[in-house]
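S.K.: My structure is in work32.cif, and what it holds is mmCIF, C-alpha atoms:
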```cif
data_target
#
loop_
_atom_site.label_atom_id
_atom_site.label_comp_id
_atom_site.auth_asym_id
_atom_site.auth_seq_id
_atom_site.Cartn_x
_atom_site.Cartn_y
_atom_site.Cartn_z
CA MET A 279 38.74 115.08 144.80
CA SER A 280 41.65 117.37 145.48
CA ARG A 281 44.45 118.64 143.30
CA GLU A 282 47.92 119.24 144.72
CA ILE A 283 51.19 120.51 143.34
CA LEU A 284 54.57 118.94 144.06
CA ASN A 285 57.67 121.01 143.39
CA ALA A 286 60.42 118.59 142.35
CA ARG A 287 62.57 121.15 140.54
CA ARG A 288 66.36 120.61 140.72
CA LEU A 289 65.89 117.03 141.90
CA LEU A 290 67.46 114.35 139.78
CA CYS A 291 66.28 110.81 139.15
CA PRO A 292 65.07 108.97 141.16
CA LEU A 293 64.25 111.68 143.73
CA PRO A 294 61.29 113.13 141.77
CA VAL A 295 59.83 109.61 141.68
CA ILE A 296 60.46 109.12 145.42
CA ARG A 297 58.85 112.46 146.26
CA THR A 298 55.89 111.59 144.00
CA GLN A 299 55.58 108.16 145.62
CA ASP A 300 55.62 109.72 149.11
CA LYS A 301 53.08 112.40 148.18
CA VAL A 302 50.71 109.92 146.52
CA LYS A 303 50.67 107.87 149.75
CA GLN A 304 49.01 110.88 151.42
CA LEU A 305 46.33 111.23 148.73
CA LYS A 306 43.11 109.36 148.02
CA ALA A 307 42.00 107.51 144.89
CA GLY A 308 40.80 110.04 142.33
CA ASP A 309 42.94 112.88 143.69
CA GLN A 310 45.20 114.64 141.20
CA LEU A 311 48.83 115.57 141.60
CA GLU A 312 50.80 117.99 139.43
CA VAL A 313 54.54 117.27 139.62
CA ILE A 314 56.87 120.02 138.37
CA CYS A 315 60.42 118.88 137.57
CA THR A 316 63.59 119.96 135.80
CA ASP A 317 65.09 116.49 135.19
CA PRO A 318 63.94 115.32 131.74
CA GLY A 319 64.21 111.72 132.96
CA VAL A 320 60.89 112.16 134.77
CA MET A 321 59.06 112.06 131.45
CA GLN A 322 60.00 108.38 131.33
CA ASP A 323 60.21 107.49 135.01
CA ILE A 324 57.03 108.95 136.52
CA PRO A 325 54.73 107.48 133.84
CA THR A 326 56.49 104.10 134.31
CA TRP A 327 56.05 104.38 138.08
CA CYS A 328 52.37 105.22 137.54
CA ARG A 329 51.82 102.26 135.23
CA ILE A 330 53.35 99.71 137.60
CA ASN A 331 51.55 101.13 140.62
CA GLY A 332 48.12 101.58 139.10
CA HIS A 333 47.97 105.37 138.75
CA LYS A 334 46.96 107.29 135.64
CA VAL A 335 48.95 109.98 133.85
CA LEU A 336 46.47 112.62 132.69
CA GLU A 337 48.89 115.00 131.00
CA THR A 338 52.58 115.61 130.41
CA ILE A 339 53.96 119.02 129.46
CA SER A 340 57.53 119.70 128.25
CA GLY A 341 58.52 123.31 128.67
CA ASP A 342 61.77 125.22 128.52
CA HIS A 343 63.89 123.01 130.78
CA GLU A 344 60.80 122.27 132.89
CA TYR A 345 58.63 119.18 132.80
CA ILE A 346 55.14 118.81 134.28
CA ILE A 347 53.27 115.57 134.85
CA ILE A 348 49.68 115.53 136.03
CA LEU A 349 48.54 112.21 137.45
CA GLU A 350 45.43 110.77 139.00
CA VAL A 351 45.85 108.52 142.01
CA GLY A 352 44.62 104.98 141.40
CA ALA A 353 42.61 102.75 143.69
CA SER A 354 45.38 100.37 144.80
CA MET B 158 65.75 90.82 137.22
CA LEU B 159 66.60 87.13 136.69
CA ALA B 160 66.32 86.28 140.38
CA ALA B 161 62.89 87.92 140.57
CA LYS B 162 61.77 86.19 137.38
CA THR B 163 62.98 82.81 138.69
CA ILE B 164 60.80 83.16 141.78
CA MET B 165 57.83 84.67 139.95
CA GLU B 166 57.90 81.67 137.60
CA GLN B 167 57.11 79.54 140.66
CA GLY B 168 53.91 81.51 141.21
CA VAL B 169 55.26 83.57 144.10
CA HIS B 170 54.17 87.22 144.38
CA VAL B 171 57.30 89.40 144.20
CA GLU B 172 57.66 93.16 144.65
CA GLY B 173 60.89 95.10 144.15
CA ILE B 174 62.72 97.43 146.50
CA ASN B 175 65.29 99.89 145.22
CA PHE B 176 67.38 101.83 147.73
CA PHE B 177 68.59 105.30 146.74
CA THR B 178 71.86 106.12 148.51
CA GLY B 179 72.72 109.29 146.60
CA PHE B 180 75.59 107.53 144.85
CA CYS B 181 73.55 105.60 142.31
CA VAL B 182 74.75 106.32 138.78
CA GLU B 183 71.41 105.73 137.05
CA GLY B 184 70.18 108.70 135.04
CA HIS B 185 71.89 111.42 137.09
CA THR B 186 74.80 112.20 134.89
CA HIS B 187 72.75 111.57 131.79
CA ALA B 188 70.16 114.01 133.05
CA ILE B 189 72.78 116.66 133.73
CA ARG B 190 74.98 116.34 130.68
CA ALA B 191 73.55 117.63 127.42
CA ASN B 192 76.01 115.43 125.48
CA ASP B 193 74.31 112.32 126.81
CA LYS B 194 70.97 113.21 125.23
CA ALA B 195 71.07 110.13 123.01
CA LYS B 196 71.15 107.77 126.00
CA PRO B 197 67.80 106.72 127.43
CA LYS B 198 67.01 108.80 130.52
CA ARG B 199 65.31 106.06 132.43
CA ASN B 200 65.55 104.55 135.86
CA ASN B 201 66.61 100.98 135.30
CA SER B 202 64.90 99.56 138.36
CA LEU B 203 61.57 101.03 137.24
CA TRP B 204 62.16 99.71 133.76
CA VAL B 205 62.95 96.23 135.09
CA ALA B 206 59.87 96.26 137.33
CA GLU B 207 57.69 97.08 134.36
CA GLN B 208 59.26 94.34 132.25
CA LEU B 209 58.52 91.87 135.03
CA GLY B 210 55.06 93.25 135.78
CA MET B 211 55.79 93.85 139.45
CA LYS B 212 55.45 96.78 141.81
CA LEU B 213 58.59 98.66 142.80
CA HIS B 214 59.22 100.63 145.97
CA ILE B 215 62.03 103.19 145.79
CA VAL B 216 63.34 104.00 149.24
CA ASP B 217 65.38 107.10 150.09
CA VAL B 218 68.20 105.98 152.41
CA ILE B 219 70.51 108.97 151.86
CA GLU B 220 70.70 109.92 155.54
CA GLU B 221 71.07 106.43 156.97
CA TYR B 222 73.63 105.52 154.32
CA LYS B 223 76.11 108.11 155.60
CA ASP B 224 77.14 105.87 158.46
CA VAL B 225 77.73 102.97 156.05
CA LEU B 226 80.04 105.09 153.92
CA ILE B 227 81.83 106.88 156.73
CA ASN B 228 82.32 103.92 159.09
CA PRO B 229 82.34 100.69 157.09
CA LYS B 230 83.00 97.79 159.47
CA HIS B 231 84.32 95.66 156.63
CA GLY B 232 86.32 98.42 154.94
CA TYR B 233 86.40 99.77 151.41
CA GLY B 234 86.95 98.08 148.07
CA ALA B 235 89.36 99.38 145.44
CA HIS B 236 87.99 102.91 145.90
CA MET B 237 85.52 104.37 148.39
CA ASN B 238 83.05 101.53 147.86
CA PRO B 239 82.00 99.84 151.10
CA CYS B 240 80.34 97.01 149.15
CA LEU B 241 79.99 94.43 151.90
CA ASP B 242 78.65 96.89 154.49
CA CYS B 243 76.38 98.33 151.81
CA LYS B 244 74.88 94.95 151.06
CA ILE B 245 74.41 94.16 154.75
CA PHE B 246 72.72 97.54 155.20
CA MET B 247 70.37 97.04 152.25
CA VAL B 248 69.38 93.51 153.20
CA ASN B 249 68.74 94.76 156.72
CA LYS B 250 66.50 97.51 155.33
CA ALA B 251 64.72 94.92 153.18
CA LYS B 252 64.20 92.76 156.27
CA GLN B 253 62.57 95.72 158.04
CA TRP B 254 60.43 96.35 154.96
CA ILE B 255 59.11 92.79 154.67
CA VAL B 256 58.16 92.80 158.35
CA GLU B 257 56.31 96.12 158.00
CA ASN B 258 54.59 95.06 154.76
CA ASP B 259 53.77 91.46 155.61
CA PHE B 260 56.02 89.71 153.11
CA ASP B 261 57.64 86.35 153.84
CA PHE B 262 61.21 86.41 152.58
CA ILE B 263 63.85 88.39 150.65
CA ILE B 264 65.54 87.53 147.36
CA THR B 265 68.62 89.09 145.83
CA GLY B 266 70.41 88.54 142.53
CA GLU B 267 73.72 87.69 144.21
CA VAL B 268 75.94 85.00 142.70
CA ILE B 269 78.86 83.41 144.55
CA GLY B 270 82.14 84.66 143.12
CA GLN B 271 80.54 87.31 140.94
CA ARG B 272 82.12 90.27 142.71
CA PRO B 273 85.50 90.29 144.46
CA MET B 274 84.38 91.90 147.71
CA SER B 275 80.74 91.36 148.49
CA GLN B 276 79.81 88.27 146.50
CA ARG B 277 82.19 85.57 147.71
CA LYS B 278 81.31 82.27 149.30
CA ALA B 279 82.69 83.55 152.59
CA THR B 280 80.68 86.78 152.53
CA MET B 281 77.28 85.25 151.76
CA PRO B 282 76.68 84.04 155.34
CA ILE B 283 78.08 87.31 156.72
CA ILE B 284 75.45 89.27 154.81
CA SER B 285 72.68 86.92 155.94
CA ARG B 286 73.81 87.03 159.57
CA GLU B 287 74.80 90.67 160.04
CA SER B 288 71.72 91.97 158.18
CA GLY B 289 69.51 90.02 160.54
CA ALA B 290 67.77 88.37 157.58
CA ASP B 291 69.40 84.99 158.33
CA ASP B 292 67.63 82.22 156.45
CA LEU B 293 64.93 84.54 155.15
CA LEU B 294 67.47 85.63 152.53
CA LEU B 295 67.27 83.52 149.38
CA ARG B 296 69.64 83.90 146.43
CA PRO B 297 67.78 82.14 143.61
CA LEU B 298 70.66 82.30 141.13
CA CYS B 299 73.12 80.41 143.32
CA ALA B 300 70.84 78.80 145.92
CA LYS B 301 71.95 75.27 145.09
CA ASN B 302 75.48 76.16 146.16
CA LEU B 303 74.26 77.33 149.56
CA PRO B 304 72.43 75.71 152.49
CA ALA B 305 68.65 75.58 152.07
CA THR B 306 66.89 78.68 153.38
CA LEU B 307 63.55 78.81 155.17
CA PRO B 308 61.48 79.38 151.97
CA GLU B 309 63.11 76.27 150.47
CA ARG B 310 62.72 74.12 153.58
CA GLU B 311 59.09 75.16 154.01
CA GLY B 312 58.35 74.46 150.35
CA TRP B 313 57.35 78.05 149.57
CA VAL B 314 59.77 77.72 146.64
CA ASP B 315 61.02 74.61 144.89
CA ARG B 316 64.79 74.39 145.44
CA GLU B 317 65.11 72.13 142.41
CA LYS B 318 63.99 74.97 140.18
CA LEU B 319 66.62 77.35 141.56
CA HIS B 320 70.13 77.71 140.13
CA ASP B 321 73.75 76.93 140.89
CA PHE B 322 75.55 79.79 139.15
CA SER B 323 79.00 80.78 140.40
CA GLY B 324 81.98 82.82 139.26
CA ARG B 325 82.48 86.00 137.30
CA SER B 326 81.17 84.79 133.96
CA ARG B 327 77.75 86.11 133.15
CA LYS B 328 77.19 83.70 130.28
CA PRO B 329 74.69 81.54 132.22
CA GLN B 330 72.73 84.65 133.16
CA MET B 331 72.78 85.86 129.56
CA ALA B 332 71.54 82.48 128.36
CA MET B 333 68.82 82.57 130.99
CA ALA B 334 67.81 86.09 129.95
CA GLU B 335 67.57 84.91 126.37
CA GLY B 336 65.41 82.00 127.53
CA PHE B 337 63.04 84.42 129.23
CA GLY B 338 62.96 86.57 126.08
CA PHE B 339 64.81 89.51 127.66
CA ASP B 340 66.80 91.09 124.86
CA GLU B 341 67.72 94.13 126.95
CA TYR B 342 68.82 94.33 130.56
CA ALA B 343 70.33 96.80 132.97
CA GLN B 344 74.00 97.39 133.70
CA PRO B 345 75.61 94.41 135.48
CA ALA B 346 76.65 95.01 139.09
CA GLY B 347 79.57 97.31 139.81
CA GLY B 348 78.88 100.00 137.23
CA CYS B 349 75.88 101.39 139.02
CA CYS B 350 77.57 103.11 141.99
CA PHE B 351 79.75 106.22 141.85
CA LEU B 352 81.74 104.97 144.84
CA THR B 353 83.35 102.31 142.62
CA ASP B 354 84.68 105.08 140.36
CA ALA B 355 88.29 106.18 140.96
CA SER B 356 87.76 109.79 139.90
CA TYR B 357 84.62 110.22 141.97
CA SER B 358 86.26 108.63 145.00
CA SER B 359 89.24 111.01 144.72
CA LYS B 360 86.86 113.96 144.77
CA LEU B 361 85.06 112.61 147.81
CA VAL B 362 88.33 112.09 149.71
CA ASP B 363 89.43 115.60 148.71
CA LEU B 364 86.14 117.02 150.02
CA TRP B 365 86.65 115.36 153.38
CA LYS B 366 90.28 116.51 153.59
CA ALA B 367 89.27 120.08 152.78
CA ARG B 368 86.83 119.93 155.68
CA ASP B 369 89.65 118.87 158.00
CA GLY B 370 88.43 115.31 158.23
CA ASP B 371 84.76 116.07 158.81
CA LYS B 372 83.15 113.35 156.73
CA GLN B 373 79.57 114.54 156.95
CA TYR B 374 78.01 115.43 153.62
CA ASP B 375 74.69 116.41 152.16
CA LEU B 376 73.03 115.51 148.89
CA ASP B 377 74.28 118.67 147.15
CA ASP B 378 77.88 117.72 148.02
CA VAL B 379 77.34 114.31 146.48
CA MET B 380 75.65 115.71 143.38
CA LEU B 381 78.32 118.34 142.71
CA LEU B 382 81.07 115.72 142.81
CA LYS B 383 79.38 114.21 139.75
CA VAL B 384 79.65 117.30 137.59
CA GLY B 385 82.39 119.53 136.22
CA ARG B 386 86.14 119.67 136.35
CA HIS B 387 87.29 120.01 139.97
CA ILE B 388 90.46 122.04 140.53
CA ARG B 389 91.86 122.78 143.99
CA PRO B 390 94.64 125.41 143.97
CA GLU B 391 94.62 125.75 147.78
CA HIS B 392 93.28 123.89 150.82
CA ASN B 393 90.72 126.63 151.49
CA PHE B 394 88.97 126.59 148.10
CA LYS B 395 88.36 124.69 144.90
CA VAL B 396 86.70 125.61 141.63
CA ILE B 397 84.22 123.49 139.71
CA VAL B 398 84.26 124.25 135.99
CA ALA B 399 81.25 123.18 133.92
CA ARG B 400 82.39 120.99 131.05
CA GLU B 401 79.41 121.55 128.83
CA GLU B 402 76.04 123.28 128.54
CA GLY B 403 74.02 120.75 130.53
CA GLU B 404 76.41 120.89 133.47
CA GLY B 405 76.39 124.68 133.34
CA ARG B 406 72.60 124.72 133.47
CA PHE B 407 72.60 122.32 136.41
CA MET B 408 75.22 124.39 138.26
CA GLN B 409 73.16 127.57 137.74
CA GLY B 410 70.88 126.15 140.44
CA TYR B 411 73.67 126.64 143.00
CA LYS B 412 74.20 130.39 142.45
CA LYS B 413 72.78 131.24 145.85
CA GLU B 414 75.05 128.78 147.66
CA PHE B 415 78.37 129.46 145.91
CA ILE B 416 80.38 132.33 144.51
CA THR B 417 80.10 131.95 140.73
CA LEU B 418 82.33 133.14 137.91
CA HIS B 419 81.96 133.36 134.16
CA CYS B 420 83.73 135.12 131.34
CA ALA B 421 82.01 138.43 130.56
CA SER B 422 83.97 139.39 127.45
CA HIS B 423 83.97 135.94 125.82
CA ALA B 424 81.87 132.82 125.84
CA GLY B 425 82.85 130.41 128.58
CA PRO B 426 81.70 128.00 131.25
CA LEU B 427 80.04 128.66 134.58
CA VAL B 428 82.42 128.15 137.50
CA LEU B 429 81.48 127.57 141.16
CA VAL B 430 83.91 128.39 143.97
CA ASP B 431 83.64 126.08 146.96
CA GLY B 432 85.26 127.10 150.24
CA SER B 433 86.43 130.39 151.70
CA PRO B 434 88.48 132.14 149.04
CA SER B 435 90.40 135.37 149.65
CA ALA B 436 90.42 138.18 147.07
CA GLU B 437 93.70 136.78 145.78
CA ASP B 438 92.15 133.32 145.50
CA LEU B 439 89.25 134.75 143.48
CA PHE B 440 91.75 136.35 141.11
CA LEU B 441 93.28 132.88 140.64
CA ALA B 442 89.81 131.39 140.13
CA ALA B 443 89.13 134.05 137.50
CA ARG B 444 92.31 133.12 135.61
CA ILE B 445 91.18 129.46 135.64
CA THR B 446 87.71 130.52 134.45
CA ALA B 447 89.31 132.46 131.58
CA ARG B 448 91.43 129.42 130.69
CA TYR B 449 88.33 127.37 129.91
CA GLY B 450 86.56 130.09 127.89
CA GLN B 451 86.80 131.18 124.27
CA GLY B 452 89.23 133.91 125.31
CA ARG B 453 91.87 131.46 126.50
CA ASP B 454 94.41 132.85 124.02
CA ALA B 455 93.54 136.50 124.61
CA GLU B 456 95.86 138.86 126.48
CA GLN B 457 93.06 139.89 128.80
CA VAL B 458 89.61 138.55 129.62
CA ASP B 459 86.81 140.18 131.62
CA VAL B 460 85.53 137.78 134.28
CA SER B 461 82.35 138.31 136.27
CA ILE B 462 82.41 137.32 139.93
CA ALA B 463 78.97 137.00 141.51
CA GLY B 464 78.44 136.68 145.24
CA LYS B 465 75.83 134.46 146.86
CA ASP B 466 73.73 137.59 147.43
CA GLY B 467 73.68 138.36 143.69
CA SER B 468 76.24 141.20 143.86
CA GLU B 469 78.56 141.23 140.86
CA MET B 470 81.95 142.67 139.96
CA ILE B 471 84.03 142.40 136.81
CA ILE B 472 87.79 141.95 136.88
CA GLN B 473 90.34 141.73 134.08
CA VAL B 474 92.71 138.76 134.08
CA LYS B 475 95.20 137.04 131.85
CA PRO B 476 94.03 133.47 131.27
CA PHE B 477 96.25 130.67 132.49
CA ALA B 478 98.12 128.92 129.71
CA ALA B 479 97.44 125.19 129.46
CA ASP B 480 100.72 124.23 131.12
CA GLU B 481 100.45 126.87 133.84
CA ILE B 482 97.83 124.99 135.85
CA PRO B 483 99.75 122.44 137.93
CA GLN B 484 98.57 118.85 137.45
CA GLU B 485 98.29 118.37 141.20
CA TRP B 486 95.51 120.97 141.30
CA PHE B 487 93.25 118.65 139.31
CA ILE B 488 91.26 116.36 141.61
#
```
Please lay out the structure from this file as structure tokens.

M.R.:
Amino acid sequence: MSREILNARRLLCPLPVIRTQDKVKQLKAGDQLEVICTDPGVMQDIPTWCRINGHKVLETISGDHEYIIILEVGAS
Amino acid sequence: MLAAKTIMEQGVHVEGINFFTGFCVEGHTHAIRANDKAKPKRNNSLWVAEQLGMKLHIVDVIEEYKDVLINPKHGYGAHMNPCLDCKIFMVNKAKQWIVENDFDFIITGEVIGQRPMSQRKATMPIISRESGADDLLLRPLCAKNLPATLPEREGWVDREKLHDFSGRSRKPQMAMAEGFGFDEYAQPAGGCCFLTDASYSSKLVDLWKARDGDKQYDLDDVMLLKVGRHIRPEHNFKVIVAREEGEGRFMQGYKKEFITLHCASHAGPLVLVDGSPSAEDLFLAARITARYGQGRDAEQVDVSIAGKDGSEMIIQVKPFAADEIPQEWFI
């Protein structure tokens, strides 16, 4: 299992989702990805994307104008 | 949403594709503007996919879309919207996608007569033909008004269970949504693309003119046209004045790419200067900056001018009065 970080700061919806989608394609089931964003919309969009694509959100963190989502890549 | 649901109801496996051109309205402006905090910051296509229980693939077509916008074979709509070329492009991309991913046909939510440019009886076959999708393109909401497509002829879908909607009224769709138990749905077509917006289109045309007709653009160009008040005093430069806190915060991210100004002696907005301003031009930009700050009625305001390299100087200016900024400067 590996853990990677994706810098999606300054990107606005839906680019953080697209970058996450593209990164996840390179990972294996069970790998973890930490996505760091500045668009608050990701707190809704990335978990939705994970739910419909079979990935698991492990943690979400809202900071000072920064939002972090840690997900685990699903099997599908 | 309704087209997908219609086909899913027949037991067909459907997945969604959403193309991101850079001009999609979606959550962008909501994400930038602090005043829009009350609005849900969600991507509607993702939301729809979840409501329907289907996978969604979001595809970045920013680069490829440039040619559609710059050279539309079928021309523009009321503003800079190349709707027909856009639809042909997207159906063509969908055709490529189904081939690569082993799907059988494409569906869209188009309805004959719904939109004045791209959804007319005459344009439906143009989209099918020029996209290369031909009879693999099924429009479930108005299929009965069109010749049977391959999925109908082969019996992959039951044509009798498709629809015959036409015209601008969305009442049949609303009734259908109610029947499916959808009490919320995304923005109807037309309001989801910045290129259909008069103000945005004016700014895009101005950008191209300022670059002496060079119509190339990058994503930052497209994003910055969505924020701030754009004022062009001269051909060689324009200023972008943040209208509120959220825009100011967003524009802070461009401090290394633009000269930036803000009032040092009073509260005021962040201002970006785009172009190649002279010292005299920057003095003018400073007076505009002062106009939109709390010191607008003061005799003199200190304005900070920061270079792309982080260097900073302070100058003193008299703010423009409201009627001193010519209307033609506003883009």

S.K.: I'd like the neighbourhood of stretch 345-350 of chain A as a ChimeraX atom specification, where a residue qualifies if any of its atoms comes within 8 Å (using only C-alpha atoms), though same-chain residues fewer than 3 positions away should be ignored.

M.R.: /A:307-318,320-321,324,328,333-341

S.K.: Could you state the separation of atom CA of A:Ile283 and atom CA of A:His343 in Å, given to one decimal place?

M.R.: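 Rounded to one decimal, the two atoms are 18.0 Å apart.
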
S.K.: Name the closest residue to chain A among the candidates B:Asp315, B:Asp377, B:Glu267, B:Glu257; distances are taken between atoms, counting only C-alpha atoms.

M.R.: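 Selected residue with least distance to chain A: B:Asp377.
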
S.K.: Measuring between only C-alpha atoms, which one of A:Pro294, A:Arg329, A:Gln299, A:Val351 shows the shortest distance to A:Arg281?

M.R.: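 Between A:Pro294, A:Arg329, A:Gln299, A:Val351, the residue approaching A:Arg281 most closely is A:Val351.
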
S.K.: Find the spatial neighbours of B:Gly385, counting only C-alpha atoms, within a cut-off of 6 Å - ignore same-chain residues fewer than 4 positions away - and output them as a ChimeraX atom specification.

M.R.: /B:397-400

S.K.: With the file shown as input, list the residues that the PyMOL selection byres ((chain A) within 8 of (chain B)) selects, as a list of chain:residue names.

M.R.: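 Listing what the PyMOL selection byres ((chain A) within 8 of (chain B)) selects in the shown file: A:Arg288, A:Leu290, A:Cys291, A:Pro292, A:Leu293, A:Val295, A:Ile296, A:Asp317, A:Pro318, A:Gly319, A:Val320, A:Gln322, A:Asp323, A:Thr326, A:Trp327, A:Arg329, A:Ile330, A:Asn331.
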
S.K.: Export C-alpha atoms of the chosen residues as a tab-separated table (two decimals), keeping the file's coordinate frame?

M.R.:
```tsv
chain	number	residue	atom	x	y	z
A	288	ARG	CA	66.36	120.61	140.72
A	290	LEU	CA	67.46	114.35	139.78
A	291	CYS	CA	66.28	110.81	139.15
A	292	PRO	CA	65.07	108.97	141.16
A	293	LEU	CA	64.25	111.68	143.73
A	295	VAL	CA	59.83	109.61	141.68
A	296	ILE	CA	60.46	109.12	145.42
A	317	ASP	CA	65.09	116.49	135.19
A	318	PRO	CA	63.94	115.32	131.74
A	319	GLY	CA	64.21	111.72	132.96
A	320	VAL	CA	60.89	112.16	134.77
A	322	GLN	CA	60.00	108.38	131.33
A	323	ASP	CA	60.21	107.49	135.01
A	326	THR	CA	56.49	104.10	134.31
A	327	TRP	CA	56.05	104.38	138.08
A	329	ARG	CA	51.82	102.26	135.23
A	330	ILE	CA	53.35	99.71	137.60
A	331	ASN	CA	51.55	101.13	140.62
```

S.K.: Running the PyMOL selection byres ((chain B and resi 471) around 12) on this model by hand, what would come out? Give it as a PDB file with C-alpha atoms, in the coordinates of the input.

M.R.:
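Contents of selection07.pdb, freshly written:
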```
ATOM      1  CA  THR B 417      80.100 131.950 140.730  1.00  0.00           C
ATOM      2  CA  LEU B 418      82.330 133.140 137.910  1.00  0.00           C
ATOM      3  CA  HIS B 419      81.960 133.360 134.160  1.00  0.00           C
ATOM      4  CA  CYS B 420      83.730 135.120 131.340  1.00  0.00           C
ATOM      5  CA  ALA B 421      82.010 138.430 130.560  1.00  0.00           C
ATOM      6  CA  SER B 422      83.970 139.390 127.450  1.00  0.00           C
ATOM      7  CA  LEU B 439      89.250 134.750 143.480  1.00  0.00           C
ATOM      8  CA  PHE B 440      91.750 136.350 141.110  1.00  0.00           C
ATOM      9  CA  ALA B 443      89.130 134.050 137.500  1.00  0.00           C
ATOM     10  CA  VAL B 458      89.610 138.550 129.620  1.00  0.00           C
ATOM     11  CA  ASP B 459      86.810 140.180 131.620  1.00  0.00           C
ATOM     12  CA  VAL B 460      85.530 137.780 134.280  1.00  0.00           C
ATOM     13  CA  SER B 461      82.350 138.310 136.270  1.00  0.00           C
ATOM     14  CA  ILE B 462      82.410 137.320 139.930  1.00  0.00           C
ATOM     15  CA  ALA B 463      78.970 137.000 141.510  1.00  0.00           C
ATOM     16  CA  GLY B 464      78.440 136.680 145.240  1.00  0.00           C
ATOM     17  CA  SER B 468      76.240 141.200 143.860  1.00  0.00           C
ATOM     18  CA  GLU B 469      78.560 141.230 140.860  1.00  0.00           C
ATOM     19  CA  MET B 470      81.950 142.670 139.960  1.00  0.00           C
ATOM     20  CA  ILE B 472      87.790 141.950 136.880  1.00  0.00           C
ATOM     21  CA  GLN B 473      90.340 141.730 134.080  1.00  0.00           C
ATOM     22  CA  VAL B 474      92.710 138.760 134.080  1.00  0.00           C
TER      23      VAL B 474
END
```

S.K.: For the atom pair atom CA of B:Thr178 and atom CA of B:Ile219, what is the interatomic distance in Å to one decimal place?

M.R.: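 Taking atom CA of B:Thr178 as the start and atom CA of B:Ile219 as the end point, the length is 4.6 Å.
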
S.K.: Can you pull out every residue within 8 Å of B:Asp291, counting only C-alpha atoms, but drop anything in the same chain fewer than 4 positions away, and send it as JSON, numbers by chain?

M.R.: {"B": [282, 285, 286]}

S.K.: Please write N, CA and C atoms of stretch 286-300 of chain A, from the structure given just now, as a CSV table (one decimal), in the first residue's frame.

M.R.:
```csv
chain,number,residue,atom,x,y,z
A,286,ALA,N,-3.8,20.1,-5.4
A,286,ALA,CA,-4.8,20.6,-6.3
A,286,ALA,C,-5.2,22.0,-5.8
A,287,ARG,N,-4.2,22.7,-5.2
A,287,ARG,CA,-4.5,24.1,-4.8
A,287,ARG,C,-4.7,25.0,-6.0
A,288,ARG,N,-5.6,26.0,-5.8
A,288,ARG,CA,-5.9,27.0,-6.8
A,288,ARG,C,-6.7,26.5,-7.9
A,289,LEU,N,-7.0,25.2,-8.0
A,289,LEU,CA,-7.9,24.6,-9.0
A,289,LEU,C,-9.3,24.7,-8.5
A,290,LEU,N,-10.2,25.1,-9.5
A,290,LEU,CA,-11.6,25.2,-9.1
A,290,LEU,C,-12.3,24.0,-9.8
A,291,CYS,N,-13.5,23.7,-9.1
A,291,CYS,CA,-14.3,22.6,-9.6
A,291,CYS,C,-14.6,22.7,-11.1
A,292,PRO,N,-14.5,21.6,-11.8
A,292,PRO,CA,-14.3,20.2,-11.4
A,292,PRO,C,-12.8,19.8,-11.6
A,293,LEU,N,-11.9,20.7,-11.7
A,293,LEU,CA,-10.5,20.3,-12.0
A,293,LEU,C,-9.9,19.4,-10.8
A,294,PRO,N,-10.2,19.8,-9.5
A,294,PRO,CA,-9.6,18.9,-8.5
A,294,PRO,C,-10.2,17.5,-8.6
A,295,VAL,N,-11.4,17.3,-9.0
A,295,VAL,CA,-12.0,16.0,-9.2
A,295,VAL,C,-11.3,15.3,-10.4
A,296,ILE,N,-11.1,16.0,-11.5
A,296,ILE,CA,-10.5,15.4,-12.7
A,296,ILE,C,-9.0,15.0,-12.3
A,297,ARG,N,-8.3,15.8,-11.6
A,297,ARG,CA,-6.9,15.5,-11.2
A,297,ARG,C,-6.9,14.3,-10.3
A,298,THR,N,-7.9,14.2,-9.4
A,298,THR,CA,-8.0,13.1,-8.5
A,298,THR,C,-8.3,11.8,-9.3
A,299,GLN,N,-9.3,11.9,-10.2
A,299,GLN,CA,-9.7,10.8,-11.0
A,299,GLN,C,-8.5,10.3,-11.8
A,300,ASP,N,-7.7,11.2,-12.4
A,300,ASP,CA,-6.5,10.8,-13.2
A,300,ASP,C,-5.5,10.1,-12.3
```
